[in-house]
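See below for the structure under consideration.
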Amino acid sequence: MTPEEVESEQIKTPKSFWQRQVQMASVQLSRWLALPAIIIAFSLLRSQAQAQSLYSEYPSRSTILAGADGPPLQGSNHSKANSGLDVLGYVTPWNPAGYQIAENYRGRINTVSPVWYTVKPDGDPSFRRYQVHGGPPTDEDALWYHRLQAPATDNTTRQSLAPVKIMPRFQLEEWTPEDYRTLLSHTVEGLGFTEAIIAEVMTREYDGVVLETGAAWALRAPVQALSDRLHEEGKELVIVLPPLRHDTAESNQLILSAVTELSPFVDAIHVMTYDHLGQGGALWHTESEIPEGSALQSEGVRTFGPNTPLEWIERNVEGMSGQLEVDSSMFGGISGVDQAFGFHASYADVQAGLSPSNVQSKLLVGVAAYGYTYPVGWLDPAAKPQIVLPPSSPIHTKDNSTDEQAKFRRKAEEKEAARSDVWPILAKGGDPFTFNDLREVLRGSKVLVRRDEDSGENYVDYLKAREDGATQKRPDGTEAPIAWYRRAYFPSPSTMNLRIETVQRAGARGIAIWDLGQGGSWLMHAV
Ligand SMILES: *[C@@H]1O[C@H](CO)[C@@H](O)[C@H](O)[C@H]1NC(C)=O
Ligand SMILES: *[C@@H]1O[C@H](CO)[C@@H](O)[C@H](O)[C@H]1NC(C)=O
């Protein structure tokens, strides 16, 4: 599965109750989008206070717009910020900026995985064949990956650049349970599967394969055969696995058994630690008292949050390498772990099969280069929609003042505290939010950049016209567009720093970035 498909599988669409009930606060767009911003009439009065940096916890709007596409402010594009960190970067044809980012930052990347291939079952049910589909979409793409595979020199710094490994992703697509069964029980078909992939790798001179399948735990024999053949040819195999989640005990067990089965012979395991909530958000809990009988008490109310909490990264590394603490005094189970992951006592059994240092030395922790933007509805205790306006940042000339930014964030927090009986609710599913989306929002709105502590992700609140083009009559009879209040979470270099720190502290080998084309150059400044 691609992360997109994993995402869509996980979508738990908000209950239609809210789709019906949350008539969005009908703010007239034009009143709030007070842009283009006032242009520096008083540039001499510009605040001399400590300037915002691209790399601070709260990079300002204008700093991001000015620097996120450019080279690092210090050092070369090609010097790793974290020596010893193994870095795999995915490049997808649908986020083509990644091709250039991979070249501009190749000195910081060990392996590039172009997302080009699927493996599909084919032929007569009595004799299955497995066909490899895809390849470099154009000759340009073929030249691109060969350039990365060859040693090079940075023209400005004369720094010599090591070859980058090219290991395309092969994804098993359209497989039925029957296809898996055939593959497992028929030697000839198994051989065909392996050789189809090997043939492509040899012809194209790749350095290995990233294999993604929704049923890795069931495929020990074919994966081992593929791994053996690749190793014979001096090539490598990375396997992709879903993350452990606190509410999916059964799938956690399958993931862990895949780790136990496959970790002895694959070269690396990429665990997809992103989309902790995904598009569907999470079930809403509030500490506040909700009046008896309020519609807010009915089921299915959802809320939003960051893409990847840091603690979740840590738990995944610990869980996969068999290091979660087992406390047999607690129901013969595991203290804290049941809560953290919903594991059953059988975690102890799986744990016995895991070799922590072996797994850690192969673990590439998924790092999202994107976030989500969520349409938010504000409701009072009676579930009546309220109009709430997003907070804004200081006037343009003070946008780079750290003190001014802090003042505006404080003001926003005070305002939020004062409306403690108006709640933000996810009004419909969220959408992925990339650097291009961020740039558009920053150009279009004077947003305040804020930060979520648990994930180190930044977020901005803004208004955006509804996709369905809904309008509303103004008093003068003309139509005004209706806007969603939106909150968008996104990673910045400071988020990347925290994630990498967490990965290294947990003892994993490195990171796998999904995907290079989504995040903008600035994320690579931190890698
Ligand atoms: C803020 O700093 C950036 C450079 O970091 C600069 O390009 C931008 O113009 C500054 N903005 C203002 C309003 O001074
Ligand atoms: C460094 O990266 C920037 C983009 O962030 C690019 O414009 C520049 O050409 C790169 N320089 C080198 C030497 O790769």
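Residue numbers start at 1 in each chain; chains themselves are named A, B, ... in the order of the structure tokens; ligands are numbered from 1 in the order shown.
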- Item | Members of stretch 84-317 of chain A assigned strand (DSSP E or B) by DSSP, as a PyMOL selection string | chain A and resi 86-91+111-114+117-122+129-134+152-153+160-161+165-166+169-172+208-212+236-241+268-271+282-283+302-303
Limited to C-alpha atoms, could you put the picked residues into a file as a PDB file, in the first residue's frame?
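Resulting contents of part_4.pdb:
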ATOM      1  CA  ASP A  86      20.887   6.916   7.578  1.00  0.00           C
ATOM      2  CA  VAL A  87      18.492   8.816   5.310  1.00  0.00           C
ATOM      3  CA  LEU A  88      16.129   7.367   2.741  1.00  0.00           C
ATOM      4  CA  GLY A  89      14.067   9.819   0.703  1.00  0.00           C
ATOM      5  CA  TYR A  90      11.068   8.899  -1.431  1.00  0.00           C
ATOM      6  CA  VAL A  91      10.437  10.755  -4.661  1.00  0.00           C
ATOM      7  CA  THR A 111      19.190   6.253  -0.566  1.00  0.00           C
ATOM      8  CA  VAL A 112      16.585   7.637  -2.934  1.00  0.00           C
ATOM      9  CA  SER A 113      13.489   5.564  -3.593  1.00  0.00           C
ATOM     10  CA  PRO A 114      11.577   6.648  -6.688  1.00  0.00           C
ATOM     11  CA  TYR A 117       6.674   0.278  -9.726  1.00  0.00           C
ATOM     12  CA  THR A 118       3.800  -2.041  -9.017  1.00  0.00           C
ATOM     13  CA  VAL A 119       3.775  -5.831  -9.089  1.00  0.00           C
ATOM     14  CA  LYS A 120       0.454  -7.274 -10.220  1.00  0.00           C
ATOM     15  CA  PRO A 121      -0.773 -10.837 -10.541  1.00  0.00           C
ATOM     16  CA  ASP A 122      -1.596 -11.768 -14.064  1.00  0.00           C
ATOM     17  CA  ARG A 129       2.357 -14.810 -13.080  1.00  0.00           C
ATOM     18  CA  TYR A 130       3.594 -11.701 -11.380  1.00  0.00           C
ATOM     19  CA  GLN A 131       4.231  -8.787 -13.690  1.00  0.00           C
ATOM     20  CA  VAL A 132       6.310  -5.768 -12.883  1.00  0.00           C
ATOM     21  CA  HIS A 133       4.721  -2.551 -14.155  1.00  0.00           C
ATOM     22  CA  GLY A 134       6.292   0.884 -14.321  1.00  0.00           C
ATOM     23  CA  ALA A 152      30.005  14.022  -8.264  1.00  0.00           C
ATOM     24  CA  THR A 153      31.474  17.326  -7.115  1.00  0.00           C
ATOM     25  CA  SER A 160      33.071  15.547  -3.442  1.00  0.00           C
ATOM     26  CA  LEU A 161      29.722  13.803  -3.324  1.00  0.00           C
ATOM     27  CA  LYS A 165      21.790   4.399  -3.782  1.00  0.00           C
ATOM     28  CA  ILE A 166      18.727   4.151  -6.015  1.00  0.00           C
ATOM     29  CA  ARG A 169       9.664   1.125  -4.473  1.00  0.00           C
ATOM     30  CA  PHE A 170       7.847  -1.975  -5.722  1.00  0.00           C
ATOM     31  CA  GLN A 171       4.332  -2.183  -4.436  1.00  0.00           C
ATOM     32  CA  LEU A 172       2.162  -5.270  -4.601  1.00  0.00           C
ATOM     33  CA  GLY A 208      18.159  -2.571  -4.537  1.00  0.00           C
ATOM     34  CA  VAL A 209      14.442  -2.652  -3.840  1.00  0.00           C
ATOM     35  CA  VAL A 210      11.985  -1.132  -1.382  1.00  0.00           C
ATOM     36  CA  LEU A 211       9.161  -3.668  -1.117  1.00  0.00           C
ATOM     37  CA  GLU A 212       5.726  -2.651   0.078  1.00  0.00           C
ATOM     38  CA  GLU A 236      19.754  -4.523  -0.897  1.00  0.00           C
ATOM     39  CA  LEU A 237      16.179  -4.989   0.275  1.00  0.00           C
ATOM     40  CA  VAL A 238      14.109  -2.615   2.401  1.00  0.00           C
ATOM     41  CA  ILE A 239      10.674  -3.710   3.588  1.00  0.00           C
ATOM     42  CA  VAL A 240       7.891  -1.236   4.461  1.00  0.00           C
ATOM     43  CA  LEU A 241       5.604  -1.817   7.463  1.00  0.00           C
ATOM     44  CA  ALA A 268      16.265  -2.296   6.562  1.00  0.00           C
ATOM     45  CA  ILE A 269      12.687  -1.892   7.769  1.00  0.00           C
ATOM     46  CA  HIS A 270      10.838   1.339   7.064  1.00  0.00           C
ATOM     47  CA  VAL A 271       8.031   1.862   9.561  1.00  0.00           C
ATOM     48  CA  ALA A 282      -9.675  11.537  16.337  1.00  0.00           C
ATOM     49  CA  LEU A 283     -12.677  10.977  18.553  1.00  0.00           C
ATOM     50  CA  ARG A 302     -14.240  14.255  15.977  1.00  0.00           C
ATOM     51  CA  THR A 303     -11.355  16.587  16.438  1.00  0.00           C
TER      52      THR A 303
END
Which residues of chain A sit at most 8 Å from ligand 2, using only C-alpha atoms and all ligand atoms? Give each one's shortest atom pair and distance in Å (one decimal place), in chain and ascending residue order, as a tab-separated table.
residue	atom	partner	partner_atom_place_in_ligand_line	distance
A:Ala68	CA	ligand 2	5 (O)	7.5
A:Asp69	CA	ligand 2	5 (O)	5.2
A:Gly70	CA	ligand 2	5 (O)	3.8
A:Pro71	CA	ligand 2	5 (O)	3.8
A:Pro72	CA	ligand 2	5 (O)	6.9
A:Ser76	CA	ligand 2	13 (C)	7.4
A:Asn77	CA	ligand 2	1 (C)	4.9
A:His78	CA	ligand 2	14 (O)	7.2
A:Ile101	CA	ligand 2	4 (C)	7.1
A:Glu103	CA	ligand 2	14 (O)	6.9
A:Asn104	CA	ligand 2	14 (O)	4.0
A:Tyr105	CA	ligand 2	14 (O)	6.4
A:Asp154	CA	ligand 2	13 (C)	5.4
A:Asn155	CA	ligand 2	13 (C)	6.0
A:Thr156	CA	ligand 2	13 (C)	5.7
A:Thr157	CA	ligand 2	13 (C)	7.4
A:Ser521	CA	ligand 2	5 (O)	4.9
A:Trp522	CA	ligand 2	5 (O)	7.0
Same residues, N, CA, C and O atoms, saved as an mmCIF file, in the first residue's frame:
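After the write, out-v4.cif holds the following:
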data_model
loop_
_atom_site.group_PDB
_atom_site.id
_atom_site.type_symbol
_atom_site.label_atom_id
_atom_site.label_comp_id
_atom_site.auth_asym_id
_atom_site.auth_seq_id
_atom_site.Cartn_x
_atom_site.Cartn_y
_atom_site.Cartn_z
ATOM 1 N N ALA A 68 12.494 29.487 2.682
ATOM 2 C CA ALA A 68 12.250 28.043 2.735
ATOM 3 C C ALA A 68 12.619 27.314 1.441
ATOM 4 O O ALA A 68 12.871 26.124 1.455
ATOM 5 N N ASP A 69 12.647 28.061 0.348
ATOM 6 C CA ASP A 69 12.992 27.439 -0.932
ATOM 7 C C ASP A 69 14.485 27.463 -1.208
ATOM 8 O O ASP A 69 14.957 26.828 -2.146
ATOM 9 N N GLY A 70 15.212 28.227 -0.422
ATOM 10 C CA GLY A 70 16.623 28.465 -0.726
ATOM 11 C C GLY A 70 17.558 27.502 -0.025
ATOM 12 O O GLY A 70 17.122 26.559 0.638
ATOM 13 N N PRO A 71 18.858 27.731 -0.181
ATOM 14 C CA PRO A 71 19.852 26.866 0.462
ATOM 15 C C PRO A 71 19.902 27.113 1.968
ATOM 16 O O PRO A 71 19.330 28.083 2.456
ATOM 17 N N PRO A 72 20.600 26.244 2.708
ATOM 18 C CA PRO A 72 20.720 26.436 4.153
ATOM 19 C C PRO A 72 21.415 27.764 4.451
ATOM 20 O O PRO A 72 22.244 28.224 3.657
ATOM 21 N N SER A 76 26.963 23.922 3.691
ATOM 22 C CA SER A 76 26.650 23.568 2.314
ATOM 23 C C SER A 76 25.390 22.723 2.242
ATOM 24 O O SER A 76 24.996 22.089 3.218
ATOM 25 N N ASN A 77 24.775 22.723 1.079
ATOM 26 C CA ASN A 77 23.603 21.869 0.834
ATOM 27 C C ASN A 77 23.910 20.421 1.176
ATOM 28 O O ASN A 77 23.037 19.666 1.557
ATOM 29 N N HIS A 78 25.167 20.053 0.986
ATOM 30 C CA HIS A 78 25.489 18.635 0.956
ATOM 31 C C HIS A 78 26.149 18.101 2.220
ATOM 32 O O HIS A 78 26.603 16.971 2.239
ATOM 33 N N ILE A 101 15.093 18.392 -5.367
ATOM 34 C CA ILE A 101 15.543 18.415 -3.967
ATOM 35 C C ILE A 101 16.529 17.274 -3.717
ATOM 36 O O ILE A 101 17.552 17.444 -3.051
ATOM 37 N N GLU A 103 18.617 16.010 -5.769
ATOM 38 C CA GLU A 103 19.931 16.380 -6.319
ATOM 39 C C GLU A 103 20.596 17.498 -5.526
ATOM 40 O O GLU A 103 21.790 17.439 -5.251
ATOM 41 N N ASN A 104 19.796 18.494 -5.146
ATOM 42 C CA ASN A 104 20.368 19.621 -4.414
ATOM 43 C C ASN A 104 20.912 19.217 -3.045
ATOM 44 O O ASN A 104 21.774 19.877 -2.504
ATOM 45 N N TYR A 105 20.343 18.156 -2.469
ATOM 46 C CA TYR A 105 20.727 17.753 -1.111
ATOM 47 C C TYR A 105 21.288 16.339 -1.076
ATOM 48 O O TYR A 105 21.259 15.674 -0.041
ATOM 49 N N ASP A 154 30.381 19.114 -5.866
ATOM 50 C CA ASP A 154 29.584 20.327 -5.728
ATOM 51 C C ASP A 154 30.350 21.469 -6.391
ATOM 52 O O ASP A 154 31.490 21.757 -6.035
ATOM 53 N N ASN A 155 29.714 22.107 -7.379
ATOM 54 C CA ASN A 155 30.402 23.127 -8.166
ATOM 55 C C ASN A 155 30.868 24.320 -7.342
ATOM 56 O O ASN A 155 31.891 24.917 -7.649
ATOM 57 N N THR A 156 30.116 24.683 -6.314
ATOM 58 C CA THR A 156 30.508 25.873 -5.541
ATOM 59 C C THR A 156 31.565 25.557 -4.482
ATOM 60 O O THR A 156 32.514 26.292 -4.320
ATOM 61 N N THR A 157 31.371 24.454 -3.756
ATOM 62 C CA THR A 157 32.284 24.184 -2.637
ATOM 63 C C THR A 157 33.407 23.207 -2.994
ATOM 64 O O THR A 157 34.290 22.982 -2.177
ATOM 65 N N SER A 521 12.529 22.800 0.417
ATOM 66 C CA SER A 521 13.957 22.599 0.677
ATOM 67 C C SER A 521 14.306 22.746 2.155
ATOM 68 O O SER A 521 15.206 22.086 2.654
ATOM 69 N N TRP A 522 13.590 23.632 2.856
ATOM 70 C CA TRP A 522 14.002 23.950 4.234
ATOM 71 C C TRP A 522 14.018 22.735 5.156
ATOM 72 O O TRP A 522 14.807 22.691 6.089
#
Taking only C-alpha atoms into account, produce a table as a Markdown table in which each residue of stretch 501-522 of chain A with an atom at most 12 Å from an atom of stretch 370-390 of chain A appears once, together with its shortest atom pair and the distance in Å to one decimal, ordered by chain and rising number.
| residue | atom | partner | partner_atom | distance |
| --- | --- | --- | --- | --- |
| A:Ile513 | CA | A:Tyr370 | CA | 9.9 |
| A:Trp514 | CA | A:Tyr370 | CA | 8.0 |
| A:Asp515 | CA | A:Tyr370 | CA | 8.0 |
| A:Leu516 | CA | A:Tyr370 | CA | 9.6 |
| A:Gly517 | CA | A:Tyr370 | CA | 9.5 |
| A:Gln518 | CA | A:Tyr370 | CA | 5.9 |
| A:Gly519 | CA | A:Tyr370 | CA | 5.9 |
| A:Gly520 | CA | A:Tyr370 | CA | 9.5 |
Can I get the selection written as a short mmCIF file (atom, residue, chain, number, x, y, z; two decimals), in the first residue's frame, with all heavy atoms?
data_model
loop_
_atom_site.label_atom_id
_atom_site.label_comp_id
_atom_site.auth_asym_id
_atom_site.auth_seq_id
_atom_site.Cartn_x
_atom_site.Cartn_y
_atom_site.Cartn_z
N ILE A 513 12.00 9.58 4.59
CA ILE A 513 11.17 10.78 4.40
C ILE A 513 10.14 10.55 3.30
O ILE A 513 10.49 10.22 2.17
CB ILE A 513 12.06 11.99 4.02
CG1 ILE A 513 13.13 12.21 5.09
CG2 ILE A 513 11.21 13.23 3.82
CD1 ILE A 513 14.16 13.25 4.71
N TRP A 514 8.86 10.72 3.64
CA TRP A 514 7.78 10.64 2.65
C TRP A 514 7.17 12.01 2.51
O TRP A 514 6.56 12.47 3.45
CB TRP A 514 6.70 9.63 3.07
CG TRP A 514 5.66 9.54 1.99
CD1 TRP A 514 4.56 10.34 1.83
CD2 TRP A 514 5.64 8.61 0.88
NE1 TRP A 514 3.86 9.99 0.71
CE2 TRP A 514 4.49 8.93 0.11
CE3 TRP A 514 6.47 7.58 0.47
CZ2 TRP A 514 4.16 8.23 -1.05
CZ3 TRP A 514 6.12 6.88 -0.67
CH2 TRP A 514 4.98 7.21 -1.42
N ASP A 515 7.24 12.70 1.35
CA ASP A 515 8.26 12.43 0.39
C ASP A 515 9.00 13.73 0.14
O ASP A 515 8.52 14.80 0.51
CB ASP A 515 7.63 11.86 -0.90
CG ASP A 515 6.77 12.83 -1.68
OD1 ASP A 515 7.33 13.75 -2.31
OD2 ASP A 515 5.52 12.73 -1.65
N LEU A 516 10.14 13.65 -0.52
CA LEU A 516 11.01 14.83 -0.64
C LEU A 516 10.30 16.01 -1.31
O LEU A 516 10.56 17.16 -1.00
CB LEU A 516 12.28 14.48 -1.43
CG LEU A 516 13.23 13.48 -0.77
CD1 LEU A 516 14.43 13.22 -1.67
CD2 LEU A 516 13.69 13.98 0.60
N GLY A 517 9.38 15.72 -2.22
CA GLY A 517 8.75 16.79 -2.98
C GLY A 517 7.66 17.54 -2.23
O GLY A 517 7.15 18.55 -2.70
N GLN A 518 7.29 17.08 -1.04
CA GLN A 518 6.17 17.70 -0.34
C GLN A 518 6.58 18.81 0.62
O GLN A 518 5.76 19.67 0.94
CB GLN A 518 5.41 16.65 0.48
CG GLN A 518 4.63 15.68 -0.37
CD GLN A 518 3.97 14.61 0.50
OE1 GLN A 518 4.59 14.08 1.40
NE2 GLN A 518 2.73 14.32 0.22
N GLY A 519 7.81 18.74 1.11
CA GLY A 519 8.13 19.56 2.27
C GLY A 519 8.83 20.88 2.01
O GLY A 519 8.91 21.71 2.91
N GLY A 520 9.36 21.08 0.80
CA GLY A 520 10.17 22.27 0.57
C GLY A 520 11.61 22.01 0.98
O GLY A 520 11.89 21.13 1.79
#
- Which is closer to A:Gln279 than all the others in A:Ser392, A:Phe433, A:Pro243, A:Glu311, using only C-alpha atoms?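 Selected residue with least distance to A:Gln279: A:Phe433.
The coordinates place atom CA of A:Gly429 at 22.5 Å from atom CA of A:Leu244.
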- Message: Around ligand 1, out to 8 Å and counting only C-alpha atoms and all ligand atoms, which residues are there? I want them as a list in words.
- Response: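 Written in the requested form, the residues are Ile40, Ser43, Arg46, Ala51, Gln52, Ser53, Leu54, Ser60, Arg61, Ser62, Thr63, Ile64, Leu65, Ala66, Gly67, His396, Thr397, Lys398, Asp399 and Asn400 of chain A.
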With all heavy atoms retained, write the just-selected residues as a short mmCIF file (atom, residue, chain, number, x, y, z; two decimals), in the first residue's frame.
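Dumped everything to selection_37.cif:
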data_model
loop_
_atom_site.label_atom_id
_atom_site.label_comp_id
_atom_site.auth_asym_id
_atom_site.auth_seq_id
_atom_site.Cartn_x
_atom_site.Cartn_y
_atom_site.Cartn_z
N ILE A 40 5.59 47.88 3.59
CA ILE A 40 6.54 48.59 4.42
C ILE A 40 6.64 50.10 4.17
O ILE A 40 7.50 50.57 3.44
CB ILE A 40 7.96 48.01 4.19
CG1 ILE A 40 7.83 46.53 3.85
CG2 ILE A 40 8.83 48.25 5.38
CD1 ILE A 40 9.04 45.95 3.16
N SER A 43 9.69 51.21 6.99
CA SER A 43 10.72 50.19 7.15
C SER A 43 11.81 50.64 8.12
O SER A 43 12.47 49.83 8.74
CB SER A 43 11.32 49.80 5.79
OG SER A 43 11.78 50.96 5.17
N ARG A 46 11.37 49.52 11.63
CA ARG A 46 11.32 48.07 11.80
C ARG A 46 11.93 47.66 13.14
O ARG A 46 12.98 48.14 13.54
CB ARG A 46 12.09 47.41 10.67
CG ARG A 46 11.81 45.95 10.59
CD ARG A 46 11.88 45.50 9.18
NE ARG A 46 13.25 45.10 8.88
CZ ARG A 46 13.70 44.95 7.66
NH1 ARG A 46 12.93 45.21 6.64
NH2 ARG A 46 14.93 44.56 7.45
N ALA A 51 15.53 38.81 15.73
CA ALA A 51 14.80 38.44 14.52
C ALA A 51 14.37 36.99 14.54
O ALA A 51 15.01 36.15 15.16
CB ALA A 51 15.66 38.71 13.30
N GLN A 52 13.28 36.74 13.88
CA GLN A 52 12.82 35.36 13.72
C GLN A 52 13.77 34.63 12.77
O GLN A 52 14.26 35.21 11.83
CB GLN A 52 11.44 35.37 13.08
CG GLN A 52 10.36 35.98 13.91
CD GLN A 52 10.01 35.09 15.08
OE1 GLN A 52 10.19 35.45 16.22
NE2 GLN A 52 9.53 33.90 14.81
N SER A 53 13.94 33.34 13.00
CA SER A 53 14.79 32.57 12.10
C SER A 53 13.97 31.48 11.45
O SER A 53 12.98 31.00 11.99
CB SER A 53 15.95 31.97 12.88
OG SER A 53 16.30 30.72 12.34
N LEU A 54 14.43 31.08 10.26
CA LEU A 54 13.81 29.96 9.54
C LEU A 54 13.80 28.70 10.41
O LEU A 54 12.96 27.83 10.26
CB LEU A 54 14.67 29.72 8.30
CG LEU A 54 14.07 29.07 7.07
CD1 LEU A 54 12.83 29.79 6.62
CD2 LEU A 54 15.11 29.06 5.95
N SER A 60 8.69 32.98 11.25
CA SER A 60 7.62 33.91 10.88
C SER A 60 7.22 33.71 9.43
O SER A 60 7.96 33.14 8.63
CB SER A 60 8.07 35.36 11.11
OG SER A 60 8.96 35.74 10.08
N ARG A 61 6.03 34.25 9.12
CA ARG A 61 5.51 34.19 7.75
C ARG A 61 6.53 34.66 6.73
O ARG A 61 6.84 33.97 5.78
CB ARG A 61 4.33 35.17 7.69
CG ARG A 61 3.01 34.59 7.45
CD ARG A 61 2.02 35.73 7.31
NE ARG A 61 1.97 36.17 5.93
CZ ARG A 61 2.17 37.41 5.52
NH1 ARG A 61 2.45 38.38 6.38
NH2 ARG A 61 2.09 37.70 4.26
N SER A 62 7.05 35.87 6.94
CA SER A 62 7.90 36.44 5.89
C SER A 62 9.25 35.73 5.84
O SER A 62 9.87 35.65 4.78
CB SER A 62 8.05 37.95 6.04
OG SER A 62 8.54 38.27 7.30
N THR A 63 9.70 35.20 6.97
CA THR A 63 10.96 34.44 6.95
C THR A 63 10.79 33.16 6.13
O THR A 63 11.65 32.80 5.34
CB THR A 63 11.38 34.06 8.37
OG1 THR A 63 11.28 35.20 9.20
CG2 THR A 63 12.80 33.54 8.41
N ILE A 64 9.66 32.49 6.33
CA ILE A 64 9.41 31.25 5.58
C ILE A 64 9.32 31.57 4.08
O ILE A 64 9.97 30.93 3.26
CB ILE A 64 8.10 30.57 6.05
CG1 ILE A 64 8.20 30.15 7.51
CG2 ILE A 64 7.78 29.36 5.16
CD1 ILE A 64 6.91 29.62 8.11
N LEU A 65 8.54 32.61 3.76
CA LEU A 65 8.38 32.94 2.34
C LEU A 65 9.72 33.31 1.72
O LEU A 65 10.00 32.98 0.56
CB LEU A 65 7.38 34.09 2.18
CG LEU A 65 5.91 33.69 2.41
CD1 LEU A 65 5.01 34.92 2.38
CD2 LEU A 65 5.45 32.66 1.38
N ALA A 66 10.58 33.97 2.50
CA ALA A 66 11.85 34.42 1.93
C ALA A 66 12.87 33.28 1.81
O ALA A 66 13.65 33.26 0.86
CB ALA A 66 12.44 35.54 2.79
N GLY A 67 12.87 32.32 2.76
CA GLY A 67 14.01 31.41 2.81
C GLY A 67 13.77 29.93 2.63
O GLY A 67 14.70 29.17 2.42
N HIS A 396 2.92 43.79 9.22
CA HIS A 396 4.00 43.30 8.36
C HIS A 396 5.39 43.75 8.81
O HIS A 396 6.32 42.96 8.87
CB HIS A 396 3.76 43.73 6.92
CG HIS A 396 4.73 43.13 5.96
ND1 HIS A 396 4.68 41.80 5.60
CD2 HIS A 396 5.80 43.66 5.34
CE1 HIS A 396 5.67 41.55 4.78
NE2 HIS A 396 6.37 42.66 4.60
N THR A 397 5.51 45.03 9.16
CA THR A 397 6.85 45.54 9.48
C THR A 397 7.41 44.91 10.75
O THR A 397 8.60 44.98 11.01
CB THR A 397 6.82 47.07 9.69
OG1 THR A 397 5.76 47.36 10.58
CG2 THR A 397 6.62 47.78 8.37
N LYS A 398 6.53 44.31 11.57
CA LYS A 398 7.02 43.70 12.81
C LYS A 398 7.00 42.17 12.73
O LYS A 398 7.14 41.49 13.74
CB LYS A 398 6.18 44.19 13.99
CG LYS A 398 6.34 45.66 14.19
CD LYS A 398 5.82 46.10 15.54
CE LYS A 398 6.20 47.56 15.77
NZ LYS A 398 5.42 48.14 16.86
N ASP A 399 6.79 41.68 11.53
CA ASP A 399 6.63 40.24 11.37
C ASP A 399 7.86 39.46 11.82
O ASP A 399 7.76 38.34 12.28
CB ASP A 399 6.33 39.91 9.90
CG ASP A 399 5.88 38.48 9.73
OD1 ASP A 399 4.83 38.14 10.30
OD2 ASP A 399 6.57 37.70 9.05
N ASN A 400 9.04 40.06 11.70
CA ASN A 400 10.26 39.35 12.06
C ASN A 400 10.69 39.58 13.50
O ASN A 400 11.75 39.14 13.90
CB ASN A 400 11.41 39.78 11.14
CG ASN A 400 11.34 39.03 9.81
OD1 ASN A 400 10.65 38.04 9.69
ND2 ASN A 400 12.05 39.54 8.82
#
- Query: stretch 190-204 of chain A: which residues within 6 Å, counting only C-alpha atoms, same-chain residues fewer than 2 positions away excluded, as a ChimeraX atom specification?
  - Reply: /A:130,183,187-188,206,226
- Task: Compile the contact shell of A:Asp468 as a ChimeraX atom specification: residues with an atom at most 12 Å away, counting only C-alpha atoms, same-chain residues fewer than 4 positions apart removed.
- Result: /A:464,481-484
- How far is it from atom CA of A:Lys415 to atom CA of A:Pro391, in Å with one decimal?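 Distance reported for this atom pair: 9.0 Å.
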- In Å, with one decimal, what is the gap from atom CA of A:Ser263 to atom CA of A:Lys362?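 It comes out at 7.6 Å.
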- Message: Taking 2 positions as the minimum chain separation for residues in the same chain, which residues sit within 12 Å of A:Val503 when counting only C-alpha atoms? Answer as number ranges by chain.
- Response: A: 82, 84-87, 271, 273, 310-318, 360-361, 363-367, 496-501, 505-512
- Task: Tell me, as a PyMOL selection string, which residues lie within 8 Å of stretch 259-262 of chain A, counting only C-alpha atoms; anything in the same chain fewer than 3 positions away does not count.
- Result: chain A and resi 217+220+223-224+255-256+265-266+320+350+353-354+359
- Hey, what's within 12 Å of stretch 408-410 of chain A if we count only C-alpha atoms and toss same-chain stuff fewer than 5 positions away? As JSON, numbers by chain, please? {"A": [58, 60, 390, 391, 392, 393, 394, 395, 398, 399, 401, 402, 403, 415, 416, 417, 446, 447, 448, 449, 450, 451, 459, 460, 461]}
- Item | alpha helix (DSSP H) call set, DSSP backbone run, stretch 241-447 of chain A, as a ChimeraX atom specification | /A:249-262,310-320,337-341,347-353,356-360,402-418,435-444
- Task: Pick out the closest residue to A:Ser321 from this set: A:Ser257, A:Ala406, A:Arg245, A:Pro222. Count only C-alpha atoms.
- Result: A:Ser257
